[in-house]
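To start, the structure under review is shown below, and the notes come after it.
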Amino acid sequence: MLTDRQLSILKAIIRNYTDIGQPIGSKKLQEQLPIHVSSATIRNEMAVLERQGYLMKQHSSSGRIPSLRGYRYYVDNLLKPDKVDENVINNIRKSFNNEFSKVDDIVALSARLLSQMTNYVAFSLKPESRDVRIEGFRLIPLHNHQVVGVLVTNDGSVQNQTFTIPDGIHGDELEAVIRIINDEIVGLPLNEVNDKLIEILPKITNYVQQSDGLIKTFSQILDQALREHVYVSGKSNLLDFANDDNLEQVKSLYSLFDCSVDLSKLIERTGSDVEVTINDNDEDDSLDYSLVSATYDDGNHGHGLIAILGPTNMPYSKMIGMMDTFRDELSRRLINYYQNFNE
């Protein structure tokens, strides 16, 4: 159990280190503490905090810096989010004030804005799509037996994929199949469509004996529509906290951003509050990073997620305050989008 004096010292050391990135000694710390104690007393308390695992030394003669345990304790028990400047809020609103043709554009913009505001890597995940419904499916002929399958949903999203139809399938047969699919699936939620396809497969087979390729292609387009879209911005900012010791880990994170499946393992769904994940994996302790994430409500389809990835010594109070404000503004913009879309 930490004493009030130890808590004050730990908090001051972390705030100082996340602000300027330099270790702090007892004399400098004495000037920042809200309590009046001697530098000798501060050194003794710093030694206690170091033995308990909350602080560490970079060098034998240097001041203390926070350990991962110290950061975790600070985030969980001592941190108070900073209030976001009104000018920053106005700039966010101004950026979201454009006209958007689809939700993806708003979600993608949110990642770019977060990256620009924080100078970290930023992510945004689309809201859950379990209530998104099919509006139509059609095929557009190209050439050499190639067609483009187009799936339209009621949130304004359009998914498409080019594929080759087998020899022997004629245009009138395809038109009949598309009519069956549209008659059966239009209005259904995306997550119910696969079961419906299995149910109507005998009808489709009556028109096209070689229907496997067509159904497979439709399922691929559907999977694309169902899959969470992850937008990433500011990947090059990773280089700002790379060094010779963690270069390989930084490269691994960099490549991870191109794979949405693996990325979802890094960004787990959070609760209603802004949450901080600090890298405390013993197998990866050379890479100091933290992930600050928050869910947002779009007022229509569920919850999406925004996150920033930065160094462990990021200014948490500032970042958490900004994330909390940003997700409120993003929610406000999405709610407004759906209200206009449904009118």
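Letters A, B, ... mark the chains of the structure tokens in the order given; residue numbers begin at 1 per chain; ligand numbers begin at 1, in order shown.
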Which residues in region 53-234 of chain A does DSSP call strand (DSSP E or B)? List them as number ranges by chain.
A: 55-57, 64-66, 121-125, 133-141, 146-153, 158-164, 189, 230-233
Contacts of region 151-159 of chain A at 7 Å (only C-alpha atoms; same-chain gap of 6+ positions) as a PDB file with N, CA, C and O atoms, in the first residue's frame:
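Output saved as selection_0.pdb:
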ATOM      1  N   LYS A 102     -20.740   7.945 -47.535  1.00  0.00           N
ATOM      2  CA  LYS A 102     -20.903   6.674 -46.816  1.00  0.00           C
ATOM      3  C   LYS A 102     -20.183   6.731 -45.475  1.00  0.00           C
ATOM      4  O   LYS A 102     -19.286   7.571 -45.261  1.00  0.00           O
ATOM      5  N   VAL A 132     -27.180  -4.146 -40.382  1.00  0.00           N
ATOM      6  CA  VAL A 132     -27.162  -3.649 -41.754  1.00  0.00           C
ATOM      7  C   VAL A 132     -27.884  -4.653 -42.649  1.00  0.00           C
ATOM      8  O   VAL A 132     -27.680  -5.856 -42.546  1.00  0.00           O
ATOM      9  N   ARG A 133     -28.732  -4.145 -43.554  1.00  0.00           N
ATOM     10  CA  ARG A 133     -29.561  -5.032 -44.375  1.00  0.00           C
ATOM     11  C   ARG A 133     -29.220  -4.906 -45.858  1.00  0.00           C
ATOM     12  O   ARG A 133     -28.732  -3.885 -46.319  1.00  0.00           O
ATOM     13  N   ILE A 134     -29.493  -5.986 -46.570  1.00  0.00           N
ATOM     14  CA  ILE A 134     -29.244  -6.035 -48.008  1.00  0.00           C
ATOM     15  C   ILE A 134     -30.285  -5.190 -48.744  1.00  0.00           C
ATOM     16  O   ILE A 134     -31.483  -5.306 -48.495  1.00  0.00           O
ATOM     17  N   GLU A 135     -29.809  -4.355 -49.649  1.00  0.00           N
ATOM     18  CA  GLU A 135     -30.723  -3.607 -50.515  1.00  0.00           C
ATOM     19  C   GLU A 135     -30.773  -4.172 -51.921  1.00  0.00           C
ATOM     20  O   GLU A 135     -31.765  -3.988 -52.636  1.00  0.00           O
ATOM     21  N   GLY A 136     -29.743  -4.863 -52.339  1.00  0.00           N
ATOM     22  CA  GLY A 136     -29.784  -5.448 -53.673  1.00  0.00           C
ATOM     23  C   GLY A 136     -28.474  -6.094 -54.061  1.00  0.00           C
ATOM     24  O   GLY A 136     -27.409  -5.770 -53.510  1.00  0.00           O
ATOM     25  N   PHE A 137     -28.564  -7.037 -54.991  1.00  0.00           N
ATOM     26  CA  PHE A 137     -27.392  -7.709 -55.536  1.00  0.00           C
ATOM     27  C   PHE A 137     -27.577  -7.781 -57.046  1.00  0.00           C
ATOM     28  O   PHE A 137     -28.654  -8.125 -57.535  1.00  0.00           O
ATOM     29  N   ARG A 138     -26.525  -7.445 -57.773  1.00  0.00           N
ATOM     30  CA  ARG A 138     -26.635  -7.509 -59.233  1.00  0.00           C
ATOM     31  C   ARG A 138     -25.282  -7.882 -59.838  1.00  0.00           C
ATOM     32  O   ARG A 138     -24.237  -7.766 -59.195  1.00  0.00           O
ATOM     33  N   ILE A 221     -18.315 -11.824 -51.359  1.00  0.00           N
ATOM     34  CA  ILE A 221     -18.733 -10.420 -51.300  1.00  0.00           C
ATOM     35  C   ILE A 221     -19.439 -10.156 -49.978  1.00  0.00           C
ATOM     36  O   ILE A 221     -19.246  -9.115 -49.340  1.00  0.00           O
ATOM     37  N   ALA A 225     -18.486  -7.614 -46.844  1.00  0.00           N
ATOM     38  CA  ALA A 225     -19.408  -6.631 -46.258  1.00  0.00           C
ATOM     39  C   ALA A 225     -19.525  -6.806 -44.750  1.00  0.00           C
ATOM     40  O   ALA A 225     -19.697  -5.838 -44.012  1.00  0.00           O
TER      41      ALA A 225
END
If you count only C-alpha atoms, which residues fall within 12 Å of Thr41 (chain A), apart from same-chain ones fewer than 6 positions away, as a PyMOL selection string?
chain A and resi 5-6+9+26-27+29-30+35+47-48
Could you please take those selected residues and save C-alpha atoms as a PDB file, in the first residue's frame?
ATOM      1  CA  ARG A   5       3.618  11.002  -0.114  1.00  0.00           C
ATOM      2  CA  GLN A   6       4.728   8.079  -2.271  1.00  0.00           C
ATOM      3  CA  ILE A   9       6.088  11.399  -5.854  1.00  0.00           C
ATOM      4  CA  SER A  26      15.165  14.501  -6.185  1.00  0.00           C
ATOM      5  CA  LYS A  27      16.109  18.198  -6.261  1.00  0.00           C
ATOM      6  CA  LEU A  29      11.232  16.822  -8.073  1.00  0.00           C
ATOM      7  CA  GLN A  30      11.237  18.807  -4.838  1.00  0.00           C
ATOM      8  CA  ILE A  35       4.065  18.911  -0.396  1.00  0.00           C
ATOM      9  CA  ALA A  47      14.259   4.078  -3.453  1.00  0.00           C
ATOM     10  CA  VAL A  48      11.188   2.453  -1.837  1.00  0.00           C
TER      11      VAL A  48
END
Neighbouring residues of Ile140 (chain A) were defined as those with any atom within 12 Å, considering only C-alpha atoms; residues of the same chain fewer than 4 positions away were excluded. Please report them as an mmCIF file with N, CA, C and O atoms, in the first residue's frame.
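Full text of around.cif as output:
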data_model
loop_
_atom_site.group_PDB
_atom_site.id
_atom_site.type_symbol
_atom_site.label_atom_id
_atom_site.label_comp_id
_atom_site.auth_asym_id
_atom_site.auth_seq_id
_atom_site.Cartn_x
_atom_site.Cartn_y
_atom_site.Cartn_z
ATOM 1 N N HIS A 145 -16.402 -13.888 -70.268
ATOM 2 C CA HIS A 145 -17.110 -14.583 -69.188
ATOM 3 C C HIS A 145 -16.885 -13.958 -67.815
ATOM 4 O O HIS A 145 -17.132 -14.597 -66.789
ATOM 5 N N GLN A 146 -16.388 -12.736 -67.769
ATOM 6 C CA GLN A 146 -16.192 -12.072 -66.487
ATOM 7 C C GLN A 146 -17.368 -11.145 -66.177
ATOM 8 O O GLN A 146 -17.917 -10.493 -67.066
ATOM 9 N N VAL A 147 -17.730 -11.113 -64.898
ATOM 10 C CA VAL A 147 -18.786 -10.221 -64.436
ATOM 11 C C VAL A 147 -18.354 -9.610 -63.116
ATOM 12 O O VAL A 147 -17.476 -10.127 -62.426
ATOM 13 N N VAL A 148 -18.954 -8.477 -62.768
ATOM 14 C CA VAL A 148 -18.733 -7.855 -61.468
ATOM 15 C C VAL A 148 -19.982 -8.058 -60.626
ATOM 16 O O VAL A 148 -21.092 -7.694 -61.035
ATOM 17 N N GLY A 149 -19.810 -8.696 -59.468
ATOM 18 C CA GLY A 149 -20.911 -8.833 -58.528
ATOM 19 C C GLY A 149 -20.939 -7.638 -57.599
ATOM 20 O O GLY A 149 -19.916 -7.268 -57.020
ATOM 21 N N VAL A 150 -22.099 -7.000 -57.458
ATOM 22 C CA VAL A 150 -22.229 -5.786 -56.650
ATOM 23 C C VAL A 150 -23.284 -6.004 -55.573
ATOM 24 O O VAL A 150 -24.420 -6.379 -55.878
ATOM 25 N N LEU A 151 -22.893 -5.791 -54.329
ATOM 26 C CA LEU A 151 -23.798 -5.933 -53.193
ATOM 27 C C LEU A 151 -23.986 -4.567 -52.549
ATOM 28 O O LEU A 151 -23.016 -3.901 -52.185
ATOM 29 N N ASN A 160 -18.038 -4.960 -54.076
ATOM 30 C CA ASN A 160 -18.036 -5.574 -55.408
ATOM 31 C C ASN A 160 -16.828 -6.469 -55.586
ATOM 32 O O ASN A 160 -15.805 -6.291 -54.904
ATOM 33 N N GLN A 161 -16.968 -7.414 -56.502
ATOM 34 C CA GLN A 161 -15.890 -8.346 -56.778
ATOM 35 C C GLN A 161 -16.056 -8.884 -58.193
ATOM 36 O O GLN A 161 -17.166 -9.210 -58.621
ATOM 37 N N THR A 162 -14.939 -8.986 -58.907
ATOM 38 C CA THR A 162 -14.955 -9.515 -60.269
ATOM 39 C C THR A 162 -14.699 -11.018 -60.241
ATOM 40 O O THR A 162 -13.826 -11.485 -59.504
ATOM 41 N N PHE A 163 -15.462 -11.782 -61.032
ATOM 42 C CA PHE A 163 -15.233 -13.219 -61.112
ATOM 43 C C PHE A 163 -15.612 -13.725 -62.498
ATOM 44 O O PHE A 163 -16.242 -13.026 -63.291
ATOM 45 N N THR A 164 -15.193 -14.932 -62.788
ATOM 46 C CA THR A 164 -15.436 -15.551 -64.091
ATOM 47 C C THR A 164 -16.523 -16.597 -63.955
ATOM 48 O O THR A 164 -16.461 -17.464 -63.072
ATOM 49 N N ILE A 165 -17.526 -16.537 -64.826
ATOM 50 C CA ILE A 165 -18.601 -17.522 -64.796
ATOM 51 C C ILE A 165 -18.210 -18.704 -65.677
ATOM 52 O O ILE A 165 -17.506 -18.544 -66.683
ATOM 53 N N GLY A 171 -26.815 -15.745 -70.149
ATOM 54 C CA GLY A 171 -27.273 -14.537 -69.485
ATOM 55 C C GLY A 171 -28.639 -14.655 -68.872
ATOM 56 O O GLY A 171 -28.895 -14.154 -67.765
ATOM 57 N N LEU A 174 -28.415 -16.485 -65.580
ATOM 58 C CA LEU A 174 -27.887 -15.631 -64.524
ATOM 59 C C LEU A 174 -28.935 -14.642 -64.026
ATOM 60 O O LEU A 174 -29.071 -14.413 -62.825
ATOM 61 N N GLU A 175 -29.686 -14.070 -64.951
ATOM 62 C CA GLU A 175 -30.730 -13.120 -64.569
ATOM 63 C C GLU A 175 -31.763 -13.782 -63.676
ATOM 64 O O GLU A 175 -32.252 -13.179 -62.711
ATOM 65 N N ILE A 178 -30.239 -14.159 -60.186
ATOM 66 C CA ILE A 178 -30.183 -12.875 -59.482
ATOM 67 C C ILE A 178 -31.561 -12.486 -58.968
ATOM 68 O O ILE A 178 -31.709 -11.957 -57.859
#
Give the answer as one residue: which of A:Gly25, A:Phe100, A:Pro81, A:Lys235 has the shortest atom-to-atom distance to Ala40 (chain A), using only C-alpha atoms?
A:Gly25
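Separating CA of Leu33 (chain A) from CA of Met56 (chain A) is a distance of 19.3 Å.
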